[in-house]
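*Asks:* Would you mind keeping the following structure in view while I ask a few things?
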Amino acid sequence: MRILHLFGDHKWTGPAEPTVNLCLALRERGHEVWFASRKAGHGEVAALDDKAKQRGLEPLHLFALNKWLNLRDNWSDVRKLRKFIEDSRVEVVHAHASHDHMLAGWAARRAKNKPVVIRTYHKGTGYEPGLGAKVLMKLYVDGWISYTPAGIREDIANYGLPPERTLFVEGAVDLERFDPSKARKVRETLGLPSDAVVAGIVARMQRHRRFGTLMEAVKMACGKVPSLRLLAIGRGTHKEKVAVGPAKKLGIADRVVFAGYRAEDYVNVLASIDFKVFLVPGSDGSCRAVREAMAMGKPVVAARRGLLPELVTHEKTGLLVDDSPENLAAAIVRMSTETRLRERLGQAARMDAVARFSPKVQAEAIEEFYGRILKLGPRR
């Protein structure tokens, strides 16, 4: 198959890595795949380009893919996309955000060879309602991919999508990179005692991520587990207000290590925790950080929010809680003190990740879905 992926961003966002990995996996399966992304502007960091090239995928910068309303850029992109689709005999146009989706739909419906339009919705929920969503769903969806079966059921009900044109897939993780047997702990460089019990959170430090609740829970748990430490991995413009400040105010600043954003040593930093805590899905909603922790054999204490209960199985791969500070503290204490439980859940988490989050399994499912949609043809 001849497949064009559209990704209108230059940043290494939550959806970026799984999209790049999917393109690579599809190429390995013998398909011709193009990955078109937005070029970084003056003064912007081309993080997506750098990461994609490191993995062997050269992004195309033939289109502006301006996610803001810009009639000149938008109309120019439609014309260029149509020409590329026709000249390259593209069969599948796969979009990953609403603006890309609209451009893909305009161009594909006008192309002589009539490719199908596929959309992956990365947020792990049902598609947000609105006039724009209704237009896209009615005119430009030949196939719809989601990370949650509940979200697909919601989209079928809300937008009248034919079930045969939908696909639930698990978000994929690079299982070779996130392999606990290849990682090494770096606690000393992080300022963590070697004998500490370390809970870890990987999240952008934003107001809605409930860091205040987590800090309250850690304070309660430290009263019963003196060796407990919290390792917070991530950055954010509100870090001082939402995380550092509450830790100081509660008197647990010496129990919390802020590791900042990690890139090259991220896997080793993740290997240094004993279990993961995750309370609120991020902006992409797919909870990629949870999948990566599970792949590393780390059990997860997760809130019953969003996609989390679909990823973490209570008492099998982690503990699910209604995340009041008291409930969260109790789960942290239990995970910290019951070593055998922690080990059992961690081993099961790794096995579950290998079975569910393999890029190869995901690529096979999407490849089969492309074939099904091509047989069905465009909806309009």
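Chain labels follow the order of the structure tokens: the first chain is A, the next B, and so on; residue numbering restarts at 1 in every chain, and ligands are counted from 1 in their shown order.
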What's around Glu91 of chain A at 8 Å? Count only C-alpha atoms, leave out sequence neighbours fewer than 6 positions away in its own chain, and write the answer as a compact mmCIF listing (two decimals) with N, CA and C atoms, in the first residue's frame.
*Replies:*
```
# COMPACT_ATOMS: atom_id res chain seq x y z
N MET A 1 0.83 -1.19 0.00
CA MET A 1 0.00 0.00 0.00
C MET A 1 0.87 1.25 0.00
N ARG A 2 0.30 2.35 -0.48
CA ARG A 2 0.97 3.63 -0.54
C ARG A 2 0.24 4.57 0.43
N ILE A 3 0.95 4.96 1.49
CA ILE A 3 0.29 5.59 2.65
C ILE A 3 0.96 6.92 2.98
N ILE A 85 -0.90 13.46 -3.78
CA ILE A 85 -1.71 12.24 -3.74
C ILE A 85 -1.84 11.63 -5.12
N ASN A 113 -7.63 9.87 -7.96
CA ASN A 113 -7.51 8.46 -7.59
C ASN A 113 -8.30 8.09 -6.34
N LYS A 114 -8.97 9.05 -5.69
CA LYS A 114 -9.89 8.81 -4.57
C LYS A 114 -9.32 7.92 -3.46
N PRO A 115 -8.28 8.38 -2.77
CA PRO A 115 -7.78 7.60 -1.63
C PRO A 115 -8.77 7.65 -0.48
N VAL A 116 -8.63 6.73 0.44
CA VAL A 116 -9.47 6.76 1.64
C VAL A 116 -8.78 7.63 2.69
N LEU A 374 -10.10 0.11 2.33
CA LEU A 374 -9.91 0.23 0.88
C LEU A 374 -10.96 -0.58 0.12
```
*Asks:* Given only C-alpha atoms, how would the per-residue table for segment 56-115 of chain A near segment 4-20 of chain A read, listing every residue at most 9 Å away with its closest atom pair and distance in Å to one decimal, sorted by chain and number, as a tab-separated table?
*Replies:*
```
residue	atom	partner	partner_atom	distance
A:Leu57	CA	A:Val20	CA	7.5
A:Ala64	CA	A:Gly8	CA	8.2
A:Leu65	CA	A:Gly8	CA	5.0
A:Asn66	CA	A:Gly8	CA	6.7
A:Lys67	CA	A:Gly8	CA	6.4
A:Ile85	CA	A:Leu4	CA	8.2
A:Val90	CA	A:Leu4	CA	6.7
A:Glu91	CA	A:Leu4	CA	8.1
A:Val92	CA	A:Leu4	CA	6.2
A:Val93	CA	A:Leu4	CA	4.9
A:His94	CA	A:His5	CA	4.7
A:Ala95	CA	A:Leu6	CA	4.9
A:His96	CA	A:Phe7	CA	5.8
A:Ala97	CA	A:Phe7	CA	7.0
A:His99	CA	A:Gly8	CA	7.6
A:Asp100	CA	A:Leu6	CA	6.1
A:His101	CA	A:Leu6	CA	8.1
A:Ala104	CA	A:Leu6	CA	7.9
```
*Asks:* Using only C-alpha atoms, which of the listed residues (A:Val280, A:Leu230, A:Val269, A:Met137) sits closest to Glu188 of chain A?
*Replies:* A:Val269
*Asks:* Could you go through segment 131-328 of chain A and tell me which residues DSSP, when run on the backbone, assigns to helix (DSSP H, G or I), listing them as a ChimeraX atom specification?
*Replies:* /A:131-139,149-159,163-165,187-190,207-209,211-224,239-249,253-255,266-271,288-295,308-311,325-328
*Asks:* Considering only C-alpha atoms, return as a list of chain:residue names whatever protein or nucleic-acid residues lie within 10 Å of Gly234 of chain A, sequence-local ones (same chain, fewer than 5 positions apart) excluded.
*Replies:* A:Ile201, A:Val202, A:Ala203, A:Arg204, A:Met205, A:Lys239, A:Phe258, A:Ala259, A:Gly260, A:Tyr261, A:Arg262
*Asks:* Create the file for the chosen residues now, containing N, CA and C atoms and written as a PDB file, in the first residue's frame.
*Replies:*
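Everything below was put into result.pdb:
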```pdb
ATOM      1  N   ILE A 201       6.480   9.686  39.325  1.00  0.00           N
ATOM      2  CA  ILE A 201       5.429  10.226  38.477  1.00  0.00           C
ATOM      3  C   ILE A 201       6.103  10.907  37.284  1.00  0.00           C
ATOM      4  N   VAL A 202       5.596  10.609  36.102  1.00  0.00           N
ATOM      5  CA  VAL A 202       6.075  11.238  34.874  1.00  0.00           C
ATOM      6  C   VAL A 202       4.913  12.037  34.315  1.00  0.00           C
ATOM      7  N   ALA A 203       5.009  13.351  34.388  1.00  0.00           N
ATOM      8  CA  ALA A 203       3.885  14.183  33.948  1.00  0.00           C
ATOM      9  C   ALA A 203       4.331  15.624  33.808  1.00  0.00           C
ATOM     10  N   ARG A 204       3.732  16.297  32.856  1.00  0.00           N
ATOM     11  CA  ARG A 204       3.955  17.733  32.738  1.00  0.00           C
ATOM     12  C   ARG A 204       3.311  18.418  33.941  1.00  0.00           C
ATOM     13  N   MET A 205       4.010  19.362  34.522  1.00  0.00           N
ATOM     14  CA  MET A 205       3.550  19.969  35.770  1.00  0.00           C
ATOM     15  C   MET A 205       2.573  21.103  35.473  1.00  0.00           C
ATOM     16  N   LYS A 239       5.558  24.678  37.473  1.00  0.00           N
ATOM     17  CA  LYS A 239       6.202  23.722  38.383  1.00  0.00           C
ATOM     18  C   LYS A 239       6.275  24.239  39.815  1.00  0.00           C
ATOM     19  N   PHE A 258      12.900  16.438  42.238  1.00  0.00           N
ATOM     20  CA  PHE A 258      12.409  16.907  40.946  1.00  0.00           C
ATOM     21  C   PHE A 258      13.515  16.685  39.916  1.00  0.00           C
ATOM     22  N   ALA A 259      13.301  15.696  39.054  1.00  0.00           N
ATOM     23  CA  ALA A 259      14.339  15.294  38.101  1.00  0.00           C
ATOM     24  C   ALA A 259      14.291  16.077  36.803  1.00  0.00           C
ATOM     25  N   GLY A 260      13.227  16.881  36.607  1.00  0.00           N
ATOM     26  CA  GLY A 260      13.111  17.634  35.373  1.00  0.00           C
ATOM     27  C   GLY A 260      12.803  16.746  34.183  1.00  0.00           C
ATOM     28  N   TYR A 261      12.872  17.339  33.008  1.00  0.00           N
ATOM     29  CA  TYR A 261      12.632  16.585  31.773  1.00  0.00           C
ATOM     30  C   TYR A 261      13.859  15.737  31.465  1.00  0.00           C
ATOM     31  N   ARG A 262      13.662  14.490  31.121  1.00  0.00           N
ATOM     32  CA  ARG A 262      14.778  13.592  30.810  1.00  0.00           C
ATOM     33  C   ARG A 262      14.635  13.094  29.381  1.00  0.00           C
TER      34      ARG A 262
END
```
*Asks:* List as a list of chain:residue names the protein and nucleic acid residues near Pro309 of chain A, meaning an atom at most 12 Å away when only C-alpha atoms are counted, but skip any in the same chain fewer than 3 places from it.
*Replies:*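 So, after excluding close chain neighbours, the residues are A:Gly124, A:Thr148, A:Ala150, A:Phe278, A:Leu279, A:Val280, A:Pro281, A:Ser286, A:Cys287, A:Val290, A:Val300, A:Val301, A:Ala302, A:Ala303, A:Arg304, A:Arg305, A:Gly306, A:Val312, A:Thr313, A:His314, A:Glu315, A:Lys316, A:Thr317, A:Gly318, A:Leu319, A:Leu320, A:Val321, A:Asp322.
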*Asks:* Just write the chosen residues, C-alpha atoms, as an mmCIF file, in the first residue's frame.
*Replies:*
```
data_model
loop_
_atom_site.group_PDB
_atom_site.id
_atom_site.type_symbol
_atom_site.label_atom_id
_atom_site.label_comp_id
_atom_site.auth_asym_id
_atom_site.auth_seq_id
_atom_site.Cartn_x
_atom_site.Cartn_y
_atom_site.Cartn_z
ATOM 1 C CA GLY A 124 -8.171 8.182 24.615
ATOM 2 C CA THR A 148 -10.310 3.178 23.729
ATOM 3 C CA ALA A 150 -15.488 3.110 25.135
ATOM 4 C CA PHE A 278 -0.464 8.469 37.698
ATOM 5 C CA LEU A 279 -3.552 10.529 38.426
ATOM 6 C CA VAL A 280 -4.698 12.453 35.343
ATOM 7 C CA PRO A 281 -4.156 11.728 31.633
ATOM 8 C CA SER A 286 -3.360 8.225 25.716
ATOM 9 C CA CYS A 287 -1.308 7.815 28.947
ATOM 10 C CA VAL A 290 1.869 4.522 31.967
ATOM 11 C CA VAL A 300 1.120 1.458 38.691
ATOM 12 C CA VAL A 301 -1.007 3.228 41.284
ATOM 13 C CA ALA A 302 -3.596 4.895 39.053
ATOM 14 C CA ALA A 303 -6.722 6.960 39.497
ATOM 15 C CA ARG A 304 -10.015 5.820 38.062
ATOM 16 C CA ARG A 305 -9.922 8.555 35.438
ATOM 17 C CA GLY A 306 -10.043 8.571 31.654
ATOM 18 C CA VAL A 312 -4.184 -0.865 34.606
ATOM 19 C CA THR A 313 -5.931 -3.943 35.986
ATOM 20 C CA HIS A 314 -6.608 -3.657 39.710
ATOM 21 C CA GLU A 315 -4.633 -6.155 41.797
ATOM 22 C CA LYS A 316 -3.057 -7.604 38.643
ATOM 23 C CA THR A 317 -0.800 -4.916 37.133
ATOM 24 C CA GLY A 318 -1.360 -2.175 39.668
ATOM 25 C CA LEU A 319 -3.806 -0.596 42.089
ATOM 26 C CA LEU A 320 -6.746 1.580 41.044
ATOM 27 C CA VAL A 321 -7.994 4.213 43.471
ATOM 28 C CA ASP A 322 -10.586 6.925 43.811
#
```
*Asks:* Using only C-alpha atoms, which residue out of A:Ser272, A:Asn327, A:Thr120, A:Ser358 lies closest to Gly200 of chain A?
*Replies:*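 Closest residue, counting only C-alpha atoms: A:Ser272.
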*Asks:* Using only C-alpha atoms, which residues sit within 10 Å of Pro246 of chain A once same-chain residues fewer than 2 positions away are excluded, as number ranges by chain?
*Replies:* A: 211-216, 240-244, 248-253
*Asks:* Would you output that residue set with C-alpha atoms, as a PDB file, in the first residue's frame?
*Replies:*
```pdb
ATOM      1  CA  PHE A 211       0.120  17.394  42.138  1.00  0.00           C
ATOM      2  CA  GLY A 212      -1.328  18.968  45.290  1.00  0.00           C
ATOM      3  CA  THR A 213      -3.332  15.810  45.982  1.00  0.00           C
ATOM      4  CA  LEU A 214      -0.258  13.686  45.361  1.00  0.00           C
ATOM      5  CA  MET A 215       1.866  15.746  47.743  1.00  0.00           C
ATOM      6  CA  GLU A 216      -0.748  15.438  50.481  1.00  0.00           C
ATOM      7  CA  GLU A 240       6.894  26.005  41.363  1.00  0.00           C
ATOM      8  CA  LYS A 241       3.239  26.718  42.028  1.00  0.00           C
ATOM      9  CA  VAL A 242       1.695  23.289  41.458  1.00  0.00           C
ATOM     10  CA  ALA A 243       4.437  20.961  42.757  1.00  0.00           C
ATOM     11  CA  VAL A 244       7.491  22.521  44.404  1.00  0.00           C
ATOM     12  CA  LYS A 248       7.615  22.819  50.768  1.00  0.00           C
ATOM     13  CA  LYS A 249       4.385  23.897  52.433  1.00  0.00           C
ATOM     14  CA  LEU A 250       3.668  20.330  53.570  1.00  0.00           C
ATOM     15  CA  GLY A 251       7.193  19.884  54.905  1.00  0.00           C
ATOM     16  CA  ILE A 252       8.180  17.073  52.531  1.00  0.00           C
ATOM     17  CA  ALA A 253      10.625  18.927  50.279  1.00  0.00           C
TER      18      ALA A 253
END
```
*Asks:* How far is it from atom CA of Phe178 of chain A to atom CA of Ala52 of chain A, in Å with one decimal?
*Replies:*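 Separation of atom CA of Phe178 of chain A and atom CA of Ala52 of chain A: 17.7 Å.
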*Asks:* Smallest atom-to-atom distance to Lys53 of chain A: which of A:Leu24, A:Val135, A:Ala330, A:Val33, using only C-alpha atoms?
*Replies:*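 Ranked by minimum distance to Lys53 of chain A, first place goes to A:Leu24.
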*Asks:* By how many Å are atom CA of His122 of chain A and atom CA of Gly171 of chain A apart?
*Replies:*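 According to the coordinates, atom CA of His122 of chain A and atom CA of Gly171 of chain A are separated by 8.8 Å.
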*Asks:* Tell me, in Å to one decimal, how far atom CA of Ser88 of chain A is from atom CA of Leu161 of chain A.
*Replies:*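 According to the coordinates, atom CA of Ser88 of chain A and atom CA of Leu161 of chain A are separated by 29.1 Å.
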*Asks:* Using only C-alpha atoms, which residues sit within 8 Å of Lys83 of chain A once same-chain residues fewer than 4 positions away are excluded, as a list of chain:residue names?
*Replies:* A:Arg79, A:Asp87, A:Ala111
*Asks:* Take the residues from that selection and put them in a file with C-alpha atoms, as a CSV table (one decimal), in the first residue's frame.
*Replies:*
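Everything below was put into again-v1.csv:
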```
chain,number,residue,atom,x,y,z
A,79,ARG,CA,-3.7,22.0,-3.8
A,87,ASP,CA,1.4,12.0,-8.5
A,111,ALA,CA,-8.0,13.8,-6.1
```
*Asks:* Using DSSP on the backbone, list every residue of segment 152-380 of chain A that comes out as strand (DSSP E or B), and give them as a PyMOL selection string.
*Replies:* chain A and resi 166-168+197-202+228-233+256-260+275-278+300-303+314+318-321
*Asks:* Which polymer residues have any atom within 9 Å of an atom of Leu81 of chain A, counting only C-alpha atoms, with same-chain residues fewer than 4 positions away left out, as an MDAnalysis selection string?
*Replies:* chainID A and resid 62:63 76:77 85:86 103:104 107:108 111
*Asks:* Would you write out those residues with N, CA and C atoms, as a PDB file, in the first residue's frame?
*Replies:*
```pdb
ATOM      1  N   LEU A  62       6.677  19.414   2.672  1.00  0.00           N
ATOM      2  CA  LEU A  62       6.118  19.936   1.428  1.00  0.00           C
ATOM      3  C   LEU A  62       4.901  20.805   1.672  1.00  0.00           C
ATOM      4  N   PHE A  63       4.337  20.714   2.868  1.00  0.00           N
ATOM      5  CA  PHE A  63       3.088  21.402   3.175  1.00  0.00           C
ATOM      6  C   PHE A  63       3.264  22.244   4.437  1.00  0.00           C
ATOM      7  N   SER A  76      -3.312  26.568  -0.159  1.00  0.00           N
ATOM      8  CA  SER A  76      -2.088  26.094  -0.806  1.00  0.00           C
ATOM      9  C   SER A  76      -1.835  24.628  -0.472  1.00  0.00           C
ATOM     10  N   ASP A  77      -2.048  24.250   0.795  1.00  0.00           N
ATOM     11  CA  ASP A  77      -1.849  22.859   1.204  1.00  0.00           C
ATOM     12  C   ASP A  77      -2.806  21.914   0.494  1.00  0.00           C
ATOM     13  N   ILE A  85      -0.902  13.463  -3.785  1.00  0.00           N
ATOM     14  CA  ILE A  85      -1.710  12.238  -3.738  1.00  0.00           C
ATOM     15  C   ILE A  85      -1.844  11.626  -5.119  1.00  0.00           C
ATOM     16  N   GLU A  86      -2.087  12.460  -6.112  1.00  0.00           N
ATOM     17  CA  GLU A  86      -2.261  11.951  -7.482  1.00  0.00           C
ATOM     18  C   GLU A  86      -0.927  11.491  -8.075  1.00  0.00           C
ATOM     19  N   LEU A 103      -7.652  19.149   6.055  1.00  0.00           N
ATOM     20  CA  LEU A 103      -6.863  19.282   4.832  1.00  0.00           C
ATOM     21  C   LEU A 103      -6.844  17.974   4.038  1.00  0.00           C
ATOM     22  N   ALA A 104      -6.671  16.867   4.758  1.00  0.00           N
ATOM     23  CA  ALA A 104      -6.653  15.559   4.099  1.00  0.00           C
ATOM     24  C   ALA A 104      -7.973  15.291   3.396  1.00  0.00           C
ATOM     25  N   ALA A 107      -8.411  17.530   0.210  1.00  0.00           N
ATOM     26  CA  ALA A 107      -7.541  17.111  -0.884  1.00  0.00           C
ATOM     27  C   ALA A 107      -7.927  15.740  -1.429  1.00  0.00           C
ATOM     28  N   ALA A 108      -8.182  14.791  -0.542  1.00  0.00           N
ATOM     29  CA  ALA A 108      -8.470  13.423  -0.976  1.00  0.00           C
ATOM     30  C   ALA A 108      -9.767  13.343  -1.781  1.00  0.00           C
ATOM     31  N   ALA A 111      -9.033  14.504  -5.288  1.00  0.00           N
ATOM     32  CA  ALA A 111      -8.025  13.769  -6.054  1.00  0.00           C
ATOM     33  C   ALA A 111      -8.685  12.769  -6.993  1.00  0.00           C
TER      34      ALA A 111
END
```
*Asks:* So, with only C-alpha atoms as the atoms that count, which of A:Val277, A:Ala329, A:Met351, A:Met335 lies closest to Leu308 of chain A?
*Replies:*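 Going through A:Val277, A:Ala329, A:Met351, A:Met335 one by one, the smallest distance to Leu308 of chain A is for A:Val277.
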